[in-house]
>>> print(open('work.txt').read())   # compact mmCIF, C-alpha atoms
# COMPACT_ATOMS: atom_id res chain seq x y z
CA MET A 1 41.83 28.73 268.79
CA THR A 2 43.68 31.96 268.02
CA ALA A 3 40.46 33.58 266.78
CA LEU A 4 38.64 32.52 269.92
CA ARG A 5 41.37 34.05 272.09
CA ARG A 6 41.17 37.33 270.19
CA TYR A 7 37.39 37.47 270.42
CA PRO A 8 36.29 36.40 273.92
CA VAL A 9 32.62 37.10 273.11
CA LEU A 10 32.81 34.70 270.17
CA ALA A 11 34.48 32.12 272.42
CA ALA A 12 31.71 32.47 274.98
CA LEU A 13 29.05 32.02 272.27
CA VAL A 14 30.78 28.91 270.91
CA ILE A 15 31.13 27.38 274.37
CA GLY A 16 27.50 28.18 275.18
CA ALA A 17 26.34 26.61 271.91
CA LEU A 18 28.31 23.46 272.68
CA PHE A 19 26.77 23.18 276.13
CA MET A 20 23.28 23.54 274.62
CA VAL A 21 23.82 21.11 271.75
CA LEU A 22 25.77 18.45 273.63
CA PRO A 23 22.90 17.17 275.84
CA PHE A 24 20.57 16.91 272.84
CA ALA A 25 23.28 15.08 270.86
CA VAL A 26 23.79 12.58 273.69
CA VAL A 27 20.04 11.95 273.95
CA ALA A 28 19.72 11.47 270.19
CA LEU A 29 22.73 9.15 270.19
CA ASN A 30 21.34 6.90 272.92
CA ALA A 31 17.84 6.94 271.41
CA VAL A 32 19.08 4.96 268.39
CA LYS A 33 21.29 2.61 270.40
CA SER A 34 20.33 -0.91 271.45
CA PRO A 35 20.22 -1.81 275.17
CA ALA A 36 23.14 -4.20 274.66
CA GLU A 37 25.30 -1.46 273.11
CA TYR A 38 24.36 0.90 275.92
CA SER A 39 25.34 -1.66 278.55
CA ALA A 40 28.60 -2.52 276.80
CA HIS A 41 29.88 0.95 275.82
CA GLY A 42 27.97 3.35 278.07
CA PRO A 43 26.07 6.53 277.13
CA LEU A 44 28.97 8.07 275.16
CA GLY A 45 29.73 5.07 272.95
CA LEU A 46 28.85 5.28 269.27
CA PRO A 47 26.14 2.90 268.00
CA HIS A 48 27.00 0.36 265.33
CA GLY A 49 23.68 0.93 263.58
CA LEU A 50 20.27 2.55 263.93
CA TYR A 51 18.21 0.76 266.56
CA LEU A 52 14.69 2.16 266.21
CA ASP A 53 12.83 -0.38 268.32
CA GLY A 54 13.05 1.89 271.36
CA LEU A 55 11.35 4.73 269.50
CA GLU A 56 8.69 2.42 268.11
CA ASP A 57 8.01 0.71 271.45
CA PHE A 58 7.65 4.02 273.27
CA TRP A 59 5.37 5.42 270.54
CA GLN A 60 3.03 2.44 270.85
CA ARG A 61 3.19 2.17 274.63
CA VAL A 62 1.99 5.71 275.35
CA ASP A 63 -0.04 6.21 272.16
CA PHE A 64 2.31 9.06 271.34
CA GLY A 65 0.34 10.17 268.29
CA ARG A 66 -2.65 11.12 270.45
CA LYS A 67 -0.42 12.78 273.06
CA LEU A 68 1.28 14.75 270.31
CA LEU A 69 -2.07 15.89 268.92
CA ASN A 70 -3.21 16.98 272.39
CA SER A 71 -0.04 18.98 272.99
CA VAL A 72 -0.20 20.67 269.60
CA LEU A 73 -3.89 21.51 270.07
CA ILE A 74 -3.42 22.89 273.58
CA ALA A 75 -0.18 24.80 272.93
CA GLY A 76 -1.39 26.17 269.59
CA SER A 77 -4.74 27.30 270.99
CA VAL A 78 -3.12 28.94 274.00
CA ALA A 79 -0.55 30.73 271.84
CA VAL A 80 -3.17 32.21 269.50
CA LEU A 81 -5.76 33.09 272.17
CA ALA A 82 -3.19 34.56 274.55
CA ALA A 83 -1.64 36.66 271.78
CA VAL A 84 -5.05 38.05 270.73
CA LEU A 85 -6.09 38.85 274.30
CA SER A 86 -2.69 40.40 275.01
CA VAL A 87 -3.08 42.70 272.01
CA LEU A 88 -6.56 43.78 273.09
CA ASN A 89 -5.53 44.39 276.70
CA ALA A 90 -2.34 46.19 275.75
CA TYR A 91 -4.20 48.37 273.25
CA ALA A 92 -6.55 49.51 275.99
CA ILE A 93 -3.77 50.06 278.52
CA GLY A 94 -0.93 51.34 276.34
CA ILE A 95 -2.82 53.42 273.79
CA GLY A 96 -6.27 53.84 275.30
CA ARG A 97 -4.73 55.05 278.55
CA ILE A 98 -7.47 53.62 280.77
CA LYS A 99 -7.87 54.95 284.30
CA GLY A 100 -5.80 53.20 286.93
CA ARG A 101 -3.30 52.04 284.34
CA ALA A 102 -0.51 51.61 286.90
CA TRP A 103 -2.71 49.45 289.14
CA VAL A 104 -3.80 47.28 286.23
CA LEU A 105 -0.19 46.68 285.19
CA ALA A 106 0.71 45.89 288.79
CA PHE A 107 -2.06 43.28 288.81
CA PHE A 108 -0.63 41.61 285.70
CA VAL A 109 2.87 41.67 287.20
CA LEU A 110 1.51 40.03 290.35
CA ALA A 111 -0.18 37.36 288.25
CA ASN A 112 3.19 36.53 286.66
CA THR A 113 4.87 36.11 290.04
CA LEU A 114 2.40 33.60 291.47
CA PRO A 115 3.85 30.06 291.55
CA GLN A 116 1.78 27.39 289.85
CA GLU A 117 1.84 25.31 293.02
CA ALA A 118 -0.38 27.95 294.65
CA LEU A 119 -2.90 27.68 291.80
CA VAL A 120 -3.25 23.90 291.73
CA TYR A 121 -6.01 23.44 294.30
CA PRO A 122 -8.14 26.48 293.34
CA LEU A 123 -8.00 25.52 289.67
CA TYR A 124 -8.73 21.88 290.47
CA TYR A 125 -11.76 22.87 292.57
CA LEU A 126 -13.07 25.39 290.02
CA SER A 127 -12.71 22.95 287.12
CA LYS A 128 -14.62 20.33 289.13
CA GLN A 129 -17.43 22.77 289.87
CA ALA A 130 -17.58 23.97 286.25
CA GLY A 131 -17.61 20.43 284.84
CA LEU A 132 -14.37 21.01 282.94
CA TYR A 133 -12.10 18.69 284.89
CA ASP A 134 -10.09 16.28 282.74
CA THR A 135 -10.78 18.23 279.56
CA ARG A 136 -8.35 19.93 277.25
CA LEU A 137 -10.50 23.05 277.36
CA SER A 138 -9.74 23.54 281.06
CA VAL A 139 -5.99 23.54 280.43
CA ILE A 140 -6.40 25.87 277.44
CA ILE A 141 -8.35 28.36 279.56
CA VAL A 142 -5.88 28.25 282.44
CA PHE A 143 -2.76 28.73 280.35
CA THR A 144 -4.41 31.35 278.15
CA VAL A 145 -4.98 33.46 281.26
CA ILE A 146 -1.45 32.85 282.56
CA GLN A 147 0.25 33.66 279.26
CA THR A 148 -2.02 36.65 278.65
CA ALA A 149 -0.83 38.22 281.89
CA PHE A 150 2.76 38.24 280.66
CA GLY A 151 1.81 39.22 277.11
CA THR A 152 -0.28 42.14 278.32
CA TYR A 153 2.54 43.45 280.49
CA LEU A 154 5.07 43.23 277.65
CA LEU A 155 2.87 44.65 274.91
CA SER A 156 1.64 47.48 277.15
CA ALA A 157 5.21 48.71 277.46
CA VAL A 158 5.64 48.46 273.66
CA LEU A 159 2.36 50.15 272.74
CA GLY A 160 2.88 52.82 275.40
CA ARG A 161 5.67 54.18 273.16
CA PHE A 162 3.65 53.86 269.97
CA PRO A 163 3.81 57.11 267.91
CA ARG A 164 0.72 59.11 268.79
CA GLU A 165 0.96 61.07 265.53
CA ILE A 166 0.15 57.99 263.47
CA ILE A 167 -2.93 57.22 265.56
CA GLU A 168 -4.16 60.80 265.48
CA ALA A 169 -3.67 60.95 261.70
CA ALA A 170 -5.69 57.78 261.26
CA ARG A 171 -8.51 59.11 263.43
CA ILE A 172 -8.56 62.36 261.46
CA ASP A 173 -8.99 60.25 258.32
CA GLY A 174 -12.07 58.68 259.90
CA ALA A 175 -10.64 55.39 261.21
CA SER A 176 -12.47 53.85 264.12
CA ARG A 177 -10.73 52.37 267.16
CA TRP A 178 -10.98 48.85 265.73
CA GLN A 179 -9.56 50.00 262.41
CA VAL A 180 -6.67 51.72 264.18
CA LEU A 181 -5.98 48.52 266.10
CA TRP A 182 -6.15 45.98 263.27
CA ARG A 183 -4.85 48.11 260.38
CA ILE A 184 -2.15 50.15 262.10
CA VAL A 185 -1.17 48.91 265.56
CA VAL A 186 -1.16 45.17 264.83
CA PRO A 187 0.84 45.36 261.56
CA VAL A 188 3.46 47.61 263.16
CA SER A 189 3.67 45.37 266.24
CA ARG A 190 3.67 42.11 264.27
CA PRO A 191 7.32 41.20 265.09
CA THR A 192 6.68 41.50 268.83
CA ILE A 193 3.44 39.54 268.54
CA GLY A 194 5.30 36.85 266.60
CA VAL A 195 7.83 36.53 269.43
CA LEU A 196 5.00 36.13 271.93
CA LEU A 197 3.39 33.41 269.79
CA VAL A 198 6.62 31.42 269.71
CA PHE A 199 7.25 31.79 273.43
CA PHE A 200 3.63 31.00 274.37
CA PHE A 201 3.69 27.82 272.32
CA ILE A 202 6.99 26.56 273.74
CA TRP A 203 6.15 27.50 277.33
CA THR A 204 2.78 25.77 277.17
CA TRP A 205 4.29 22.72 275.46
CA ASN A 206 6.78 22.27 278.33
CA GLU A 207 4.24 22.67 281.14
CA PHE A 208 3.95 19.64 283.39
CA LEU A 209 2.39 20.31 286.81
CA LEU A 210 -1.00 21.75 285.90
CA PRO A 211 -1.63 19.32 282.99
CA LEU A 212 -0.66 16.48 285.34
CA VAL A 213 -3.32 17.56 287.82
CA MET A 214 -6.00 18.62 285.33
CA LEU A 215 -5.68 15.79 282.80
CA ILE A 216 -5.89 12.31 284.30
CA SER A 217 -7.17 10.23 281.40
CA ASN A 218 -4.80 8.84 278.80
CA ASP A 219 -6.84 10.28 275.93
CA ASN A 220 -6.33 13.87 277.15
CA GLN A 221 -2.76 13.81 278.43
CA THR A 222 0.00 15.87 276.84
CA VAL A 223 3.47 14.76 275.79
CA SER A 224 5.18 16.10 278.93
CA VAL A 225 2.69 14.34 281.21
CA ALA A 226 3.05 11.06 279.32
CA LEU A 227 6.84 11.25 279.65
CA GLY A 228 6.74 11.95 283.37
CA VAL A 229 4.10 9.35 284.22
CA LEU A 230 5.70 6.55 282.22
CA GLN A 231 9.18 7.23 283.54
CA GLY A 232 7.79 7.28 287.06
CA GLN A 233 6.50 3.76 286.55
CA ARG A 234 10.05 2.54 285.75
CA LEU A 235 8.92 0.49 282.79
CA MET A 236 11.63 1.67 280.40
CA ASP A 237 15.28 0.89 279.92
CA ALA A 238 17.92 3.56 279.34
CA THR A 239 17.63 3.59 275.56
CA MET A 240 13.85 3.86 275.63
CA THR A 241 14.13 6.70 278.15
CA ASN A 242 16.34 8.59 275.71
CA ALA A 243 13.94 7.77 272.88
CA ALA A 244 11.09 9.21 274.93
CA ALA A 245 13.08 12.36 275.68
CA LEU A 246 13.95 12.75 272.00
CA LEU A 247 10.33 12.40 270.89
CA GLY A 248 9.25 14.82 273.59
CA VAL A 249 11.64 17.63 272.69
CA LEU A 250 11.78 17.18 268.92
CA PRO A 251 8.38 18.77 268.05
CA ALA A 252 9.14 21.88 270.11
CA LEU A 253 12.59 22.10 268.52
CA VAL A 254 11.12 21.82 265.02
CA PHE A 255 8.58 24.53 265.85
CA PHE A 256 11.35 26.78 267.15
CA LEU A 257 13.48 26.26 264.04
CA LEU A 258 10.53 26.95 261.73
CA PHE A 259 9.81 30.26 263.47
CA GLN A 260 13.40 31.19 264.26
CA ARG A 261 13.34 33.98 261.69
CA THR A 262 10.21 35.43 263.30
CA LEU A 263 11.86 35.30 266.71
CA THR A 264 15.08 36.89 265.48
CA ARG A 265 13.22 39.62 263.60
CA GLY A 266 11.09 40.45 266.62
CA ILE A 267 14.05 40.69 268.97
CA ALA A 268 15.99 42.82 266.45
CA VAL A 269 13.07 45.21 266.00
CA GLY A 270 12.68 45.51 269.77
CA ALA A 271 16.38 46.27 270.14
CA VAL A 272 16.20 48.98 267.48
CA LYS A 273 13.21 50.59 269.12
>>> encode(input="work.txt", output="structure tokens")
Amino acid sequence: MTALRRYPVLAALVIGALFMVLPFAVVALNAVKSPAEYSAHGPLGLPHGLYLDGLEDFWQRVDFGRKLLNSVLIAGSVAVLAAVLSVLNAYAIGIGRIKGRAWVLAFFVLANTLPQEALVYPLYYLSKQAGLYDTRLSVIIVFTVIQTAFGTYLLSAVLGRFPREIIEAARIDGASRWQVLWRIVVPVSRPTIGVLLVFFFIWTWNEFLLPLVMLISNDNQTVSVALGVLQGQRLMDATMTNAAALLGVLPALVFFLLFQRTLTRGIAVGAVK
């Protein structure tokens, strides 16, 4: 306690970490608790053993393995495609210095400010006309465009400060524009691109509204849609609800922990620059 009083920043970080970890701990605790224990001791009571029937029942009820595969496929595809398109767009805007650069950046900023509620009907209508409704490809295309808008805006600011001397030296040595991009710009910007990949994956994983509208069949639904639809039907008790929440957040948490070093390195490099 004395150390926390001497270092208020450390105290704030500790308190913030507790507030972030506590909800997940409560969910995990109730996910392995039987309905009888939950009724008798409430959500904060400790379980007497591991009750895994709630996890198993939820997994079978929603076919969670298929939903998990859909979410991984959609989020992974969007993260990779959006990162590649962001690099190409930012290279043209930040280094290529295309005409009307300010207007192009303003367009990408405007695309980031549009609420998804305003895009629901146009996207629904376009997907119907294109024959892509209720397909994973439609969601991948939509979120690739949305995430690319943010990625282009961020990377354009980064590449706009890229050392021109390095690029000019490479061109004097005979490097083409593609060689400058893939052999010089991308390796130097790899930490920032890694941060975008992590954020794109997690953001797409947590999306609910557009997948709910675009994916209506059980075989194509994502984890977030399956959680929302099943909870809306009120077919689960409290322990199964916590089991569903745990299964829904755990893959994204594992992905974040696996790429935590990439995220930290990218933020540190950006701060140094």
>>> closest_residue(input="work.txt", among="A:Trp178, A:Phe199, A:Phe259, A:Phe107", to="Ala92 of chain A", atoms="only C-alpha atoms")
A:Trp178
>>> residues_near_point(input="work.txt", point="(15.7, 17.3, 274.8)", cutoff="8 Å", atoms="all atoms listed in the file", output="compact mmCIF listing (two decimals) with C-alpha atoms, keeping the file's coordinate frame")
# COMPACT_ATOMS: atom_id res chain seq x y z
CA PRO A 23 22.90 17.17 275.84
CA PHE A 24 20.57 16.91 272.84
CA VAL A 27 20.04 11.95 273.95
CA ALA A 245 13.08 12.36 275.68
CA LEU A 246 13.95 12.75 272.00
CA GLY A 248 9.25 14.82 273.59
CA VAL A 249 11.64 17.63 272.69
CA LEU A 250 11.78 17.18 268.92
>>> residues_near_point(input="work.txt", point="(11.4, 17.2, 269.4)", cutoff="12 Å", atoms="all atoms listed in the file", output="list in words")
Phe24, Val27, Ala28, Leu68, Ile202, Trp205, Asn206, Val223, Ser224, Asn242, Ala243, Ala244, Ala245, Leu246, Leu247, Gly248, Val249, Leu250, Pro251, Ala252, Leu253, Val254, Phe255, Phe256 and Leu257 of chain A
>>> write_last_selection(input="work.txt", atoms="C-alpha atoms", output="PDB file, keeping the file's coordinate frame")
ATOM      1  CA  PHE A  24      20.570  16.910 272.840  1.00  0.00           C
ATOM      2  CA  VAL A  27      20.040  11.950 273.950  1.00  0.00           C
ATOM      3  CA  ALA A  28      19.720  11.470 270.190  1.00  0.00           C
ATOM      4  CA  LEU A  68       1.280  14.750 270.310  1.00  0.00           C
ATOM      5  CA  ILE A 202       6.990  26.560 273.740  1.00  0.00           C
ATOM      6  CA  TRP A 205       4.290  22.720 275.460  1.00  0.00           C
ATOM      7  CA  ASN A 206       6.780  22.270 278.330  1.00  0.00           C
ATOM      8  CA  VAL A 223       3.470  14.760 275.790  1.00  0.00           C
ATOM      9  CA  SER A 224       5.180  16.100 278.930  1.00  0.00           C
ATOM     10  CA  ASN A 242      16.340   8.590 275.710  1.00  0.00           C
ATOM     11  CA  ALA A 243      13.940   7.770 272.880  1.00  0.00           C
ATOM     12  CA  ALA A 244      11.090   9.210 274.930  1.00  0.00           C
ATOM     13  CA  ALA A 245      13.080  12.360 275.680  1.00  0.00           C
ATOM     14  CA  LEU A 246      13.950  12.750 272.000  1.00  0.00           C
ATOM     15  CA  LEU A 247      10.330  12.400 270.890  1.00  0.00           C
ATOM     16  CA  GLY A 248       9.250  14.820 273.590  1.00  0.00           C
ATOM     17  CA  VAL A 249      11.640  17.630 272.690  1.00  0.00           C
ATOM     18  CA  LEU A 250      11.780  17.180 268.920  1.00  0.00           C
ATOM     19  CA  PRO A 251       8.380  18.770 268.050  1.00  0.00           C
ATOM     20  CA  ALA A 252       9.140  21.880 270.110  1.00  0.00           C
ATOM     21  CA  LEU A 253      12.590  22.100 268.520  1.00  0.00           C
ATOM     22  CA  VAL A 254      11.120  21.820 265.020  1.00  0.00           C
ATOM     23  CA  PHE A 255       8.580  24.530 265.850  1.00  0.00           C
ATOM     24  CA  PHE A 256      11.350  26.780 267.150  1.00  0.00           C
ATOM     25  CA  LEU A 257      13.480  26.260 264.040  1.00  0.00           C
TER      26      LEU A 257
END
>>> residues_around(input="work.txt", residues="segment 212-217 of chain A", least_positions_apart="5", cutoff="12 Å", atoms="all atoms listed in the file", output="count of residues only")
41
>>> atom_distance(input="work.txt", atom1="atom CA of Ala169 of chain A", atom2="atom CA of Val195 of chain A")
28.1 Å
>>> closest_residue(input="work.txt", among="A:Thr204, A:Ser34, A:Gln60, A:Asn89", to="Pro47 of chain A", atoms="only C-alpha atoms")
A:Ser34
>>> atom_distance(input="work.txt", atom1="atom CA of Glu37 of chain A", atom2="atom CA of Phe64 of chain A")
25.3 Å
>>> closest_atom_pairs(input="work.txt", of="segment 68-123 of chain A", to="segment 152-161 of chain A", cutoff="6 Å", atoms="all atoms listed in the file", output="JSON lines")
{"residue": "A:Ser86", "atom": "CA", "partner": "A:Thr152", "partner_atom": "CA", "distance": 4.4}
{"residue": "A:Asn89", "atom": "CA", "partner": "A:Thr152", "partner_atom": "CA", "distance": 5.9}
{"residue": "A:Ala90", "atom": "CA", "partner": "A:Ser156", "partner_atom": "CA", "distance": 4.4}
{"residue": "A:Gly94", "atom": "CA", "partner": "A:Gly160", "partner_atom": "CA", "distance": 4.2}
{"residue": "A:Ile95", "atom": "CA", "partner": "A:Gly160", "partner_atom": "CA", "distance": 6.0}
>>> atom_distance(input="work.txt", atom1="atom CA of Leu50 of chain A", atom2="atom CA of Ala31 of chain A")
9.0 Å
>>> closest_residue(input="work.txt", among="A:Leu209, A:Ile184, A:Val72, A:Val145", to="Arg164 of chain A", atoms="all atoms listed in the file")
A:Ile184
>>> residues_around(input="work.txt", residues="Gly42 of chain A", least_positions_apart="2", cutoff="12 Å", atoms="only C-alpha atoms", output="list in words")
Val26, Leu29, Asn30, Lys33, Ser34, Pro35, Ala36, Glu37, Tyr38, Ser39, Ala40, Leu44, Gly45, Leu46, Pro47, Ala238 and Thr239 of chain A
>>> decode(input="work.txt", residues="segment 61-72 of chain A", atoms="N, CA, C and O atoms", output="tab-separated table (two decimals), in the first residue's frame")
chain	number	residue	atom	x	y	z
A	61	ARG	N	-25.22	-27.23	-28.36
A	61	ARG	CA	-26.47	-26.58	-28.73
A	61	ARG	C	-26.29	-25.65	-29.91
A	61	ARG	O	-27.15	-25.59	-30.80
A	62	VAL	N	-25.20	-24.91	-29.95
A	62	VAL	CA	-25.00	-23.93	-31.02
A	62	VAL	C	-24.03	-24.43	-32.09
A	62	VAL	O	-23.73	-23.69	-33.02
A	63	ASP	N	-23.55	-25.68	-31.96
A	63	ASP	CA	-22.51	-26.17	-32.87
A	63	ASP	C	-21.34	-25.20	-32.86
A	63	ASP	O	-20.96	-24.62	-33.88
A	64	PHE	N	-20.78	-25.00	-31.67
A	64	PHE	CA	-19.79	-23.95	-31.47
A	64	PHE	C	-18.54	-24.17	-32.31
A	64	PHE	O	-17.87	-23.19	-32.69
A	65	GLY	N	-18.21	-25.41	-32.62
A	65	GLY	CA	-17.03	-25.65	-33.44
A	65	GLY	C	-17.15	-25.00	-34.81
A	65	GLY	O	-16.19	-24.38	-35.31
A	66	ARG	N	-18.31	-25.11	-35.43
A	66	ARG	CA	-18.53	-24.47	-36.73
A	66	ARG	C	-18.52	-22.95	-36.60
A	66	ARG	O	-17.96	-22.25	-37.44
A	67	LYS	N	-19.18	-22.43	-35.56
A	67	LYS	CA	-19.19	-20.98	-35.35
A	67	LYS	C	-17.78	-20.45	-35.13
A	67	LYS	O	-17.42	-19.37	-35.61
A	68	LEU	N	-16.99	-21.21	-34.39
A	68	LEU	CA	-15.61	-20.81	-34.14
A	68	LEU	C	-14.81	-20.78	-35.44
A	68	LEU	O	-14.03	-19.85	-35.69
A	69	LEU	N	-15.00	-21.79	-36.28
A	69	LEU	CA	-14.30	-21.83	-37.56
A	69	LEU	C	-14.71	-20.65	-38.44
A	69	LEU	O	-13.86	-20.03	-39.10
A	70	ASN	N	-16.00	-20.33	-38.45
A	70	ASN	CA	-16.47	-19.19	-39.25
A	70	ASN	C	-15.84	-17.88	-38.77
A	70	ASN	O	-15.40	-17.06	-39.58
A	71	SER	N	-15.81	-17.69	-37.46
A	71	SER	CA	-15.24	-16.45	-36.92
A	71	SER	C	-13.75	-16.35	-37.22
A	71	SER	O	-13.26	-15.27	-37.58
A	72	VAL	N	-13.03	-17.45	-37.06
A	72	VAL	CA	-11.60	-17.42	-37.34
A	72	VAL	C	-11.35	-17.15	-38.82
A	72	VAL	O	-10.46	-16.35	-39.18
